[in-house]
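*Asks:* First the structure, then my questions, so here it is.
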Amino acid sequence: MKKRVGFTLSLLLVAGMLAGCASGKNSGENSKEGVNANGGGKQISLKFSIWGNDTHKQMYDTMIEKYREDHPNINVEIMTIPATDYQQKLSVMMASKTAPDIMWMMERAIPQFLGAGQLADLSSLKTDASYQFDDLYPSTLDLLSKDDKIYGIPFSTPPNMIYYNQSLFESKGLKTPKELYSEGKWTYDEMVKAAEAIAVPDQGLYGINLIRPNGWTTSWIESLQTLVWAYGADYFSEDGKQFALNSPEGEQAIQFFSDAMFKTRIHPKPGDQTTFETGKIGMQQELFSYMGKAKAITDFKWDIAPMPSGAGGQGVTLGYAGYVVTEGSPHQAEAIEFVKYLTNQENMTVTSQFFVPSRKSVLESDAFLNQGPSPESVKTAVLEQIGKGKVRQAFTNFQKIDEKMKIGFDSIYTQSVSVPDFLSHLEKEVTPVLNP
Amino acid sequence: MTTYTTRANRRNNWYGYLFISPMMLGFLCFLAGPILYAFALSFTDYSLLHPASFVGLDNYAQLMGKDPLFWKTVGNTLYFSAGLIPLNLLLALSLALMLNQKLPGTGLFRTAIFTPVVTSIVVWAIVWKYVFATDAGLLNQILGYFGIQGPAWLYDTALVMPVVIVVSVLKKVGMNMVIFLAALQDVPSMYYEAATIDGASKWRQFHSITLPMIAPSIFLTLIITLIGSLKVFSQIIVMTEGGPGTSTYVLVYYIYQLAYKVFDIGYASAVAFILFFLVLVLTLVQWMLRKRWVHHEQ
């Protein structure tokens, strides 16, 4: 009797484990059958990956609900992957054929996936009369085009800009960046002057912060590209084969940043996490998407202005994100249809609360201009800058380059080498990776 | 008669196997299988995007001879272990000795010290990253009240590893403390009574009674802590991402970086196997030394 109980129990244990592992599949099949029985067509579940936050997800969830009114058999599930892990995670998913059907894609990841033939051709949208393809800015489509075909639709092309604490500027009797810009005098020299007047480093009050929150480890590409361009330098040659920062201009740019942190102390030091909302930063380099957080500020007045200019111009960098569809997805047609829905005029107006839209009609609409502190601020700091902005260089082996650059820039942050030594050392390290 | 017993035994054995089979199945599918697969991969050049090609011992030759970062990583890992283990064990033992006394409030302190063990390591590391933030961080703000300008804790090549070690010790010390506490409470009080009658000092009692009696526990915690310290990863990726520069690159972080950032999976597998052998050798050495350390064992 005892033995029989033992035998049954141990069998149950094994069966329970096997059932536990398989349960996901079963329930999925059940739900499919359920809908078939109701005659609602074949139930299709699309996966959509983003690196955004909860508010973005909520916005998409509302859109999906609306989409389901006309497409009751389509369900879209949103998958959030942090931006820093995004490219690597998708690469792994692509290799194991578990990639989402629809994905947000950032500029630096596009060459890798496009080059490997993993993105679906969306050219059918070009000839779709109801879609109004011509409304999209042609310049924003370059990165996602290959041989006259289009492999994705951009939805966010934000220029970087300066958010400044207007109350701090007023209390010191300084001219604001916006005023200086309208006078054509908004330069790095003027920015430093203002920052020096504002900064009280011993009280944790800083004039300027180029680094975005939690952005020290990605600083070279995320935060300092504009500075490097503004000084007339660049990280790499145009063909991407040579390291180009080891030049007098490059040295000036890095020296400027190093001095701002350690000498004049107008800039927070490496590892500092002070945010603009605390009111302890005079000027913060940020993106349009920061507007939501900035609007929650009640303690002080703030406004936005374009990036200042240096010897090489303003060096405005354009962020870049587009929707792409995975080549070989079993529901490719439905996924393309959904991208079409996401990027129509109505929905791009919805997404423009966070993202600078690539549709002309939406970008120039009053609704978009009213997103910022004032329509004319948005006009000067966003609309006028898009034409001047450049998208960062993209590489198929970006991860390797990023690793070397990050390690190199840390030697500036720890003050372990001088700027010229840093540049020659980095050149030696990075050149082999640029020519694999 | 004999055959009957053997058959019954065999029958009973089957039940035993059946009972451990869920665990064994899991072990074979999710642990032994991948480990063997990784061992095979360590002889290939495999990058996820391309199929694997056999390269023999090239990966091992490269990391032994041509990869200075690998040796830096091994050095950092040993530095971490060498810093963490004595600090962790000494602190755990001292805390256990203090909390083993029957004083009011010991229950509260035991709970407080054990709480970090059950918190998520990621949450723990994020909080400490803010505590150690430059200038605006909690620690530097406190130092600021005393007129001291605190350093950039996580952006100083000399300070960053000690900081990570301290954060890791505070996270894990509770576990070892609990093991020591249990061991201390198992030491029969008659030994102490006898020693007191003989006029032995407190130190003498600790040295000649407590230490030998809890030696098996010390040995256990030493092995667990050592193996755990060689596998350090979460606090590194959250607090420093291997930086500044390469000063907190440790073996598991390097494996992660190679496998999932630059997709050099064959090479990463080779590094993983070096780590495997390192753990194996150190554990074997400890087992052999065990006889000399542990006099009393049940």
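Within each chain, counting starts at residue 1; across the structure tokens, chains are named A, B, ... in the order shown, with ligands numbered 1 upward in that order.
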Just need the residues of chain B within 9 Å of chain A, counting only C-alpha atoms, so spit them out as a PyMOL selection string.

*Replies:* chain B and resi 12+15-16+18-22+48-49+129-130+132-137+144+149+152-157+240-246+257+260-263

*Asks:* Quick one: residues within 6 Å of Ala268 in chain B, only C-alpha atoms, excluding same-chain residues fewer than 6 positions away - as an NGL selection string?

*Replies:* :B and (255 or 258-259)

*Asks:* Got time to write the residues from that selection, C-alpha atoms, as an mmCIF file, in the first residue's frame?

*Replies:*
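After the write, out-v6.cif holds the following:
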data_model
loop_
_atom_site.group_PDB
_atom_site.id
_atom_site.type_symbol
_atom_site.label_atom_id
_atom_site.label_comp_id
_atom_site.auth_asym_id
_atom_site.auth_seq_id
_atom_site.Cartn_x
_atom_site.Cartn_y
_atom_site.Cartn_z
ATOM 1 C CA ILE B 255 32.084 36.507 -20.459
ATOM 2 C CA LEU B 258 32.074 38.814 -25.068
ATOM 3 C CA ALA B 259 29.000 36.650 -25.540
#

*Asks:* How far is it from CA of Leu211 in chain B to CA of Leu93 in chain B, in Å with one decimal?

*Replies:*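 These atoms are spaced 10.2 Å apart.
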
*Asks:* Please run DSSP on the backbone and report, as number ranges by chain, all residues within range 68-192 of chain B that come out as helix (DSSP H, G or I).

*Replies:* B: 68-99, 106-118, 121-131, 138-145, 153-155, 160-186, 189-192

*Asks:* Now that the selection is made, can you save its residues with C-alpha atoms as a tab-separated table (two decimals), in the first residue's frame?

*Replies:*
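Output saved as result24.tsv:
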chain	number	residue	atom	x	y	z
B	68	PRO	CA	45.97	41.32	-21.89
B	69	LEU	CA	42.38	42.17	-20.91
B	70	PHE	CA	41.80	38.53	-19.96
B	71	TRP	CA	44.69	38.57	-17.50
B	72	LYS	CA	43.56	41.94	-16.15
B	73	THR	CA	40.15	40.34	-15.64
B	74	VAL	CA	41.60	37.33	-13.81
B	75	GLY	CA	43.60	39.72	-11.61
B	76	ASN	CA	40.51	41.81	-10.84
B	77	THR	CA	38.50	38.71	-9.96
B	78	LEU	CA	41.18	37.46	-7.57
B	79	TYR	CA	41.45	40.96	-6.08
B	80	PHE	CA	37.71	40.93	-5.48
B	81	SER	CA	37.83	37.48	-3.84
B	82	ALA	CA	40.87	38.33	-1.74
B	83	GLY	CA	39.16	41.47	-0.49
B	84	LEU	CA	35.72	40.00	0.00
B	85	ILE	CA	36.38	36.67	1.73
B	86	PRO	CA	38.37	37.77	4.83
B	87	LEU	CA	36.18	40.83	5.32
B	88	ASN	CA	32.99	38.83	4.95
B	89	LEU	CA	34.04	35.95	7.23
B	90	LEU	CA	35.55	38.16	9.96
B	91	LEU	CA	32.54	40.45	10.00
B	92	ALA	CA	30.09	37.53	9.96
B	93	LEU	CA	31.92	35.81	12.82
B	94	SER	CA	32.16	38.97	14.93
B	95	LEU	CA	28.48	39.72	14.39
B	96	ALA	CA	27.54	36.14	15.24
B	97	LEU	CA	29.59	36.25	18.46
B	98	MET	CA	27.97	39.54	19.46
B	99	LEU	CA	24.44	38.42	18.63
B	106	THR	CA	19.35	40.78	19.43
B	107	GLY	CA	16.38	39.44	17.43
B	108	LEU	CA	15.93	42.86	15.85
B	109	PHE	CA	19.61	43.12	14.91
B	110	ARG	CA	19.69	39.59	13.50
B	111	THR	CA	16.72	40.44	11.28
B	112	ALA	CA	18.23	43.75	10.23
B	113	ILE	CA	21.54	42.17	9.24
B	114	PHE	CA	19.85	39.31	7.41
B	115	THR	CA	17.41	41.53	5.47
B	116	PRO	CA	19.88	42.46	2.67
B	117	VAL	CA	20.32	38.75	1.88
B	118	VAL	CA	16.71	38.50	0.76
B	121	ILE	CA	20.91	42.27	-5.67
B	122	VAL	CA	19.95	44.65	-8.49
B	123	VAL	CA	17.88	46.86	-6.20
B	124	TRP	CA	20.67	46.75	-3.64
B	125	ALA	CA	23.28	47.78	-6.20
B	126	ILE	CA	21.16	50.61	-7.64
B	127	VAL	CA	20.61	52.09	-4.19
B	128	TRP	CA	24.33	51.94	-3.42
B	129	LYS	CA	25.15	53.46	-6.81
B	130	TYR	CA	23.19	56.51	-5.69
B	131	VAL	CA	24.79	56.47	-2.26
B	138	LEU	CA	24.39	60.53	0.06
B	139	LEU	CA	27.84	59.62	1.32
B	140	ASN	CA	29.56	62.66	-0.17
B	141	GLN	CA	26.75	64.92	1.09
B	142	ILE	CA	27.32	63.60	4.61
B	143	LEU	CA	31.08	64.07	4.24
B	144	GLY	CA	30.31	67.58	2.98
B	145	TYR	CA	28.70	68.50	6.33
B	153	TRP	CA	33.94	56.78	-5.56
B	154	LEU	CA	32.87	54.98	-8.72
B	155	TYR	CA	35.10	57.02	-11.02
B	160	VAL	CA	36.05	51.50	-7.22
B	161	MET	CA	36.94	47.88	-6.39
B	162	PRO	CA	37.02	48.40	-2.61
B	163	VAL	CA	33.62	50.11	-2.92
B	164	VAL	CA	32.17	47.15	-4.80
B	165	ILE	CA	33.69	44.77	-2.23
B	166	VAL	CA	32.14	46.63	0.69
B	167	VAL	CA	28.74	46.75	-1.00
B	168	SER	CA	28.95	42.99	-1.70
B	169	VAL	CA	30.00	42.18	1.87
B	170	LEU	CA	27.08	44.15	3.33
B	171	LYS	CA	24.73	42.27	1.04
B	172	LYS	CA	25.94	38.78	1.86
B	173	VAL	CA	27.28	38.95	5.41
B	174	GLY	CA	23.90	38.06	6.95
B	175	MET	CA	23.89	34.59	5.39
B	176	ASN	CA	27.27	33.63	6.84
B	177	MET	CA	26.31	35.19	10.16
B	178	VAL	CA	23.26	32.95	10.41
B	179	ILE	CA	25.38	29.86	9.66
B	180	PHE	CA	27.86	30.87	12.37
B	181	LEU	CA	25.08	31.60	14.83
B	182	ALA	CA	23.63	28.14	14.34
B	183	ALA	CA	27.07	26.61	14.82
B	184	LEU	CA	27.74	28.65	17.95
B	185	GLN	CA	24.49	27.57	19.52
B	186	ASP	CA	25.44	23.96	18.89
B	189	SER	CA	27.97	24.88	27.29
B	190	MET	CA	29.67	22.25	29.47
B	191	TYR	CA	32.96	22.87	27.66
B	192	TYR	CA	32.86	26.54	28.61

*Asks:* Enumerate the residues of range 16-168 of chain B with a DSSP assignment of strand (DSSP E), computed from the backbone, and present them as a PyMOL selection string.

*Replies:* chain B and resi 44-45+53-54

*Asks:* Just to be explicit: take each residue in the selection above, keep N, CA and C atoms, and write the result as a short mmCIF file (atom, residue, chain, number, x, y, z; two decimals), in the first residue's frame.

*Replies:*
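As a result, part_28.cif now contains:
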data_model
loop_
_atom_site.label_atom_id
_atom_site.label_comp_id
_atom_site.auth_asym_id
_atom_site.auth_seq_id
_atom_site.Cartn_x
_atom_site.Cartn_y
_atom_site.Cartn_z
N THR B 44 35.25 26.62 -31.01
CA THR B 44 34.75 27.13 -32.30
C THR B 44 34.82 28.64 -32.35
N ASP B 45 34.65 29.15 -33.55
CA ASP B 45 34.48 30.58 -33.74
C ASP B 45 33.00 30.75 -34.08
N SER B 53 32.37 27.64 -36.66
CA SER B 53 33.40 26.89 -37.38
C SER B 53 34.46 26.45 -36.38
N PHE B 54 34.96 25.24 -36.56
CA PHE B 54 35.89 24.64 -35.61
C PHE B 54 37.26 25.32 -35.72
#

*Asks:* Please provide as a PDB file with N, CA and C atoms, in the first residue's frame all residues within 8 Å of Leu318 in chain A, with the sequence filter that same-chain residues fewer than 5 positions apart are discarded (counting only C-alpha atoms).

*Replies:*
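And here's part_34.pdb as it stands now:
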ATOM      1  N   THR A 157      12.519  61.859 -34.821  1.00  0.00           N
ATOM      2  CA  THR A 157      13.805  62.388 -35.282  1.00  0.00           C
ATOM      3  C   THR A 157      14.123  63.646 -34.493  1.00  0.00           C
ATOM      4  N   PRO A 158      14.387  63.490 -33.184  1.00  0.00           N
ATOM      5  CA  PRO A 158      14.540  64.671 -32.336  1.00  0.00           C
ATOM      6  C   PRO A 158      15.945  65.278 -32.390  1.00  0.00           C
ATOM      7  N   PRO A 159      16.044  66.593 -32.626  1.00  0.00           N
ATOM      8  CA  PRO A 159      17.342  67.239 -32.466  1.00  0.00           C
ATOM      9  C   PRO A 159      17.607  67.410 -30.976  1.00  0.00           C
ATOM     10  N   ASN A 160      18.888  67.389 -30.568  1.00  0.00           N
ATOM     11  CA  ASN A 160      19.166  67.662 -29.160  1.00  0.00           C
ATOM     12  C   ASN A 160      19.093  69.169 -28.921  1.00  0.00           C
ATOM     13  N   ILE A 386      16.034  70.697 -37.173  1.00  0.00           N
ATOM     14  CA  ILE A 386      15.979  69.376 -37.823  1.00  0.00           C
ATOM     15  C   ILE A 386      16.765  69.378 -39.126  1.00  0.00           C
ATOM     16  N   GLY A 389      20.501  69.196 -38.439  1.00  0.00           N
ATOM     17  CA  GLY A 389      20.991  68.072 -37.649  1.00  0.00           C
ATOM     18  C   GLY A 389      21.529  66.927 -38.488  1.00  0.00           C
ATOM     19  N   LYS A 390      22.462  66.189 -37.874  1.00  0.00           N
ATOM     20  CA  LYS A 390      23.013  65.001 -38.524  1.00  0.00           C
ATOM     21  C   LYS A 390      22.731  63.798 -37.633  1.00  0.00           C
ATOM     22  N   VAL A 391      22.485  62.670 -38.272  1.00  0.00           N
ATOM     23  CA  VAL A 391      22.306  61.433 -37.523  1.00  0.00           C
ATOM     24  C   VAL A 391      23.685  60.852 -37.243  1.00  0.00           C
ATOM     25  N   ARG A 392      23.862  60.250 -36.085  1.00  0.00           N
ATOM     26  CA  ARG A 392      25.166  59.672 -35.736  1.00  0.00           C
ATOM     27  C   ARG A 392      25.550  58.560 -36.710  1.00  0.00           C
TER      28      ARG A 392
END

*Asks:* Near Phe257 in chain A, within 12 Å and counting only C-alpha atoms, which residues show up once chain neighbours fewer than 2 positions away are dropped, as an MDAnalysis selection string?

*Replies:* chainID A and resid 188 192 208:211 219:220 223:228 231 250:255 259:270 409 412:413 415 419
